[in-house]
Structures are given as structure tokens and as C-alpha cells.
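J.: Take a look at this one; I'll ask things after.
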Amino acid sequence: MGLLALLFRDPIAFFLLVPLLLYSVIAHEVAHGWVASLFGDNTAKYSGRLSFNPKSHIDPMGMIALFIVGFGWAKPVPVDYRNLRRSRRAIIAVSLAGCLTNILIATIAIFLLQFQFFRANSFFAIALSVTAKINVILGAFNLIPIPPLDGSRVLMEFLPSNAQYKLTRLEPYGFFIIIILLWTGILSPVITFIQSLIFGFIGILLSIIR
């Protein structure tokens, strides 16, 4: 679901939600850089990309996609994987950091919706439900194992070197492949399946909290 539909349905909610959803995308990228710094790579830090200043992160096409089709992206945070300690574990952790951040944001939003105060207030109800849905979409989309998405980095850590090389060679064309697969609807069941897994995971987390 894109945000343009919300603009026509409820303009006030739209303009109040934009910063929140923008920072969900930014948080995804900052998480990559922050976790990389924990494992010894400060490339993102020295590039000024651990900031939450939107100017440091906005990708025009990614923002347009967020508003039109309901998912988007920011400029990728630079990570020098050669600097990472405990390489395989570190690469997986850095790769999953953004998706896990989106899942955490969605979990918090869904948790708050359990309270009558937030459900009874129309703005909070819309803001939290849209925030949860878009963060789940962001998390699910980035887990798809097609370069340059995060899921491909995780997958490569479990593939033999020749398969890694073949997958890496797809990266320059990855964006176009993803667009075609989205346009043809081939990716839709994959994204839906990953979303269902994420919602299931969130359900388990909330059952533990309660």
C-alpha cells in the first residue's frame, strides 16, 4: 500500500506520517552501519551515515517507490566487509540489521495498538497500523535473496564460492530484475510468504511480552 492513497483519504494523517515512515527507511540503513561499527568497520561512521539527518540518506527513486507502491529504500550505507571481525557472523549480522530494525519498529507499533488509548484515537490507530505494515513490507522485501538486497548477502554466506560468484555477477542488473519480477507479480507470493513469517515472529514476541 502506497502513501498516496492515504493522502487523498486523510491528508492530515499523511503529512503527520511522512516523517515517521521516512525515518523507518533511514533506520534500516543506519542499523547496517551501526552493526558494522560493532564488528570493526567504521566506514559508515566516517562517511557521516550514522546520522538520522534525511539529507545523508535520501534516494529520490526509493522515496518515490515508498509513496507509490508502499516500499522504498534509502542510499545504501557503505560497509567495507574486509574490516569486519569474525567475518561470516559479522556479514550476516550486518546484512540482517536493517530488516530486524524494521521488524522491531513494526513490533512496537503493533504492541501499542493493543492498548485501547491508541486504538480509540483515529490518528494513532492509522499511524501505528500503517507504520507496522510498511515496516513489515520493508523487512520482507529486503530479505529477498536477489542482489543487492540484504537477503542475498545472507544467502551468499552459505553458498559455495562458484555460486557466490554467479550471484554477485547479478548485482549490476539486480534492480532491473527486481522491477520486472514485481511488475509481473512473480515476487508477490514470495513477499507475502515472508511477511507472514514476520507477522508470526512478531506474534511470538508479543506473546512473550504479555
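Ordering of the C-alpha cells sets the chain letters (A, B, ...); residue numbers start at 1 within each chain; ligands are numbered from 1 in the order shown.
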Which residues, written as an MDAnalysis selection string, have at least one atom at most 12 Å from region 155-162 of chain A, with only C-alpha atoms counted and residues fewer than 3 positions away on the same chain left out?
T.: chainID A and resid 87:93 95:96 143:152 165:169
J.: So that I can check the surroundings of Val77 (chain A), please list as a VMD selection string every protein, DNA and RNA residue that reaches within 10 Å of it, counting only C-alpha atoms and ignoring chain neighbours fewer than 6 positions away.
T.: chain A and resid 26 28 to 34 36 43 to 45 47 to 50 56 to 57
J.: Save the residues we just selected, C-alpha atoms, as a PDB file, in the first residue's frame?
T.:
ATOM      1  CA  ILE A  26      16.564   5.670   7.336  1.00  0.00           C
ATOM      2  CA  HIS A  28      17.104   0.453   8.217  1.00  0.00           C
ATOM      3  CA  GLU A  29      20.284   1.895   6.715  1.00  0.00           C
ATOM      4  CA  VAL A  30      21.670   3.356   9.939  1.00  0.00           C
ATOM      5  CA  ALA A  31      21.301  -0.087  11.545  1.00  0.00           C
ATOM      6  CA  HIS A  32      23.581  -1.600   8.886  1.00  0.00           C
ATOM      7  CA  GLY A  33      26.276   0.976   9.611  1.00  0.00           C
ATOM      8  CA  TRP A  34      25.902   0.787  13.374  1.00  0.00           C
ATOM      9  CA  ALA A  36      29.162  -2.839  11.089  1.00  0.00           C
ATOM     10  CA  THR A  43      33.212   3.288   7.046  1.00  0.00           C
ATOM     11  CA  ALA A  44      29.620   4.424   7.622  1.00  0.00           C
ATOM     12  CA  LYS A  45      30.652   6.469  10.650  1.00  0.00           C
ATOM     13  CA  SER A  47      31.086   8.864   5.853  1.00  0.00           C
ATOM     14  CA  GLY A  48      28.586  10.611   8.111  1.00  0.00           C
ATOM     15  CA  ARG A  49      25.980   7.910   7.518  1.00  0.00           C
ATOM     16  CA  LEU A  50      25.238   7.041  11.145  1.00  0.00           C
ATOM     17  CA  SER A  56      22.505  11.911   4.326  1.00  0.00           C
ATOM     18  CA  HIS A  57      20.251   9.063   3.262  1.00  0.00           C
TER      19      HIS A  57
END
J.: Please, what distance in Å, to one decimal, runs between CA of Ser37 (chain A) and CA of Tyr81 (chain A)?
T.: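 Going from CA of Ser37 (chain A) over to CA of Tyr81 (chain A), I get 10.8 Å.
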J.: Would you pick out the contacts of Val18 (chain A) at 10 Å or less, using only C-alpha atoms, so that residues sharing its chain but fewer than 4 positions from it are not included, and give the list as a VMD selection string?
T.: chain A and resid 3 13 to 14 22 to 24 67 127 131
J.: Would you write out, as CSV, a table of all residues in region 57-138 of chain A that have an atom no more than 12 Å from an atom of region 183-201 of chain A, listing for each the closest atom pair and the distance in Å to one decimal, considering only C-alpha atoms and ordering rows by chain and rising residue number?
T.:
residue,atom,partner,partner_atom,distance
A:Val69,CA,A:Trp183,CA,11.1
A:Phe71,CA,A:Ile191,CA,11.3
A:Cys99,CA,A:Ile198,CA,10.1
A:Leu100,CA,A:Ile198,CA,9.8
A:Asn102,CA,A:Ile198,CA,10.3
A:Ile103,CA,A:Ile198,CA,7.3
A:Leu104,CA,A:Ile198,CA,10.4
A:Ala106,CA,A:Phe199,CA,9.1
A:Thr107,CA,A:Phe199,CA,8.8
A:Ile110,CA,A:Phe199,CA,9.9
A:Ala132,CA,A:Phe199,CA,9.9
A:Lys133,CA,A:Gln195,CA,9.3
A:Ile134,CA,A:Gln195,CA,10.5
A:Asn135,CA,A:Gln195,CA,10.1
A:Val136,CA,A:Gln195,CA,6.3
A:Ile137,CA,A:Gln195,CA,6.7
A:Leu138,CA,A:Gln195,CA,9.5
J.: Mind writing the picked residues with N, CA and C atoms as a PDB file, in the first residue's frame?
T.:
ATOM      1  N   VAL A  69       4.164   2.654  -4.168  1.00  0.00           N
ATOM      2  CA  VAL A  69       3.867   1.225  -4.065  1.00  0.00           C
ATOM      3  C   VAL A  69       3.978   0.665  -2.658  1.00  0.00           C
ATOM      4  N   PHE A  71       6.728   0.410  -0.578  1.00  0.00           N
ATOM      5  CA  PHE A  71       8.044   0.056  -0.068  1.00  0.00           C
ATOM      6  C   PHE A  71       9.053   0.974  -0.742  1.00  0.00           C
ATOM      7  N   CYS A  99      16.727  -5.189   8.338  1.00  0.00           N
ATOM      8  CA  CYS A  99      15.443  -5.889   8.378  1.00  0.00           C
ATOM      9  C   CYS A  99      14.960  -6.079   9.808  1.00  0.00           C
ATOM     10  N   LEU A 100      15.877  -6.438  10.703  1.00  0.00           N
ATOM     11  CA  LEU A 100      15.495  -6.635  12.101  1.00  0.00           C
ATOM     12  C   LEU A 100      15.054  -5.321  12.738  1.00  0.00           C
ATOM     13  N   ASN A 102      13.489  -2.885  11.111  1.00  0.00           N
ATOM     14  CA  ASN A 102      12.118  -2.688  10.635  1.00  0.00           C
ATOM     15  C   ASN A 102      11.133  -3.585  11.380  1.00  0.00           C
ATOM     16  N   ILE A 103      11.536  -4.824  11.649  1.00  0.00           N
ATOM     17  CA  ILE A 103      10.668  -5.739  12.387  1.00  0.00           C
ATOM     18  C   ILE A 103      10.451  -5.233  13.812  1.00  0.00           C
ATOM     19  N   LEU A 104      11.506  -4.676  14.419  1.00  0.00           N
ATOM     20  CA  LEU A 104      11.378  -4.124  15.767  1.00  0.00           C
ATOM     21  C   LEU A 104      10.408  -2.945  15.779  1.00  0.00           C
ATOM     22  N   ALA A 106       7.970  -2.391  13.665  1.00  0.00           N
ATOM     23  CA  ALA A 106       6.631  -2.943  13.465  1.00  0.00           C
ATOM     24  C   ALA A 106       6.097  -3.579  14.741  1.00  0.00           C
ATOM     25  N   THR A 107       6.974  -4.270  15.462  1.00  0.00           N
ATOM     26  CA  THR A 107       6.567  -4.913  16.721  1.00  0.00           C
ATOM     27  C   THR A 107       6.107  -3.876  17.740  1.00  0.00           C
ATOM     28  N   ILE A 110       2.663  -2.519  16.653  1.00  0.00           N
ATOM     29  CA  ILE A 110       1.587  -3.477  16.917  1.00  0.00           C
ATOM     30  C   ILE A 110       1.342  -3.613  18.411  1.00  0.00           C
ATOM     31  N   ALA A 132       3.360  -0.115  11.057  1.00  0.00           N
ATOM     32  CA  ALA A 132       3.617  -1.548  11.188  1.00  0.00           C
ATOM     33  C   ALA A 132       3.638  -2.230   9.832  1.00  0.00           C
ATOM     34  N   LYS A 133       2.646  -1.922   9.003  1.00  0.00           N
ATOM     35  CA  LYS A 133       2.545  -2.593   7.703  1.00  0.00           C
ATOM     36  C   LYS A 133       3.726  -2.254   6.812  1.00  0.00           C
ATOM     37  N   ILE A 134       4.085  -0.987   6.738  1.00  0.00           N
ATOM     38  CA  ILE A 134       5.182  -0.600   5.848  1.00  0.00           C
ATOM     39  C   ILE A 134       6.512  -1.142   6.345  1.00  0.00           C
ATOM     40  N   ASN A 135       6.726  -1.186   7.645  1.00  0.00           N
ATOM     41  CA  ASN A 135       7.978  -1.742   8.158  1.00  0.00           C
ATOM     42  C   ASN A 135       8.058  -3.238   7.918  1.00  0.00           C
ATOM     43  N   VAL A 136       6.930  -3.935   7.992  1.00  0.00           N
ATOM     44  CA  VAL A 136       6.938  -5.361   7.664  1.00  0.00           C
ATOM     45  C   VAL A 136       7.247  -5.547   6.178  1.00  0.00           C
ATOM     46  N   ILE A 137       6.664  -4.698   5.324  1.00  0.00           N
ATOM     47  CA  ILE A 137       6.942  -4.769   3.881  1.00  0.00           C
ATOM     48  C   ILE A 137       8.422  -4.494   3.611  1.00  0.00           C
ATOM     49  N   LEU A 138       8.973  -3.464   4.271  1.00  0.00           N
ATOM     50  CA  LEU A 138      10.393  -3.151   4.096  1.00  0.00           C
ATOM     51  C   LEU A 138      11.271  -4.325   4.509  1.00  0.00           C
TER      52      LEU A 138
END
J.: Calculated over only C-alpha atoms, which of the candidates A:Pro78, A:Ala5, A:Met63, A:Ile209 has the smallest distance to Ile108 (chain A)?
T.: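 Of all the options, A:Ile209 lies closest to Ile108 (chain A).
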J.: Identify which of the residues A:Leu7, A:Val25, A:Gln164, A:Phe141 lies closest to Ile68 (chain A), counting only C-alpha atoms when measuring atom-to-atom distances.
T.: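 Smallest distance to Ile68 (chain A) is found for A:Leu7.
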J.: To one decimal place, how far is CA of Ser122 (chain A) from CA of Leu206 (chain A) in Å?
T.: 22.7 Å
J.: In Å, how far is it from CA of Val154 (chain A) to CA of Val94 (chain A)?
T.: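 Going from CA of Val154 (chain A) over to CA of Val94 (chain A) covers 9.3 Å.
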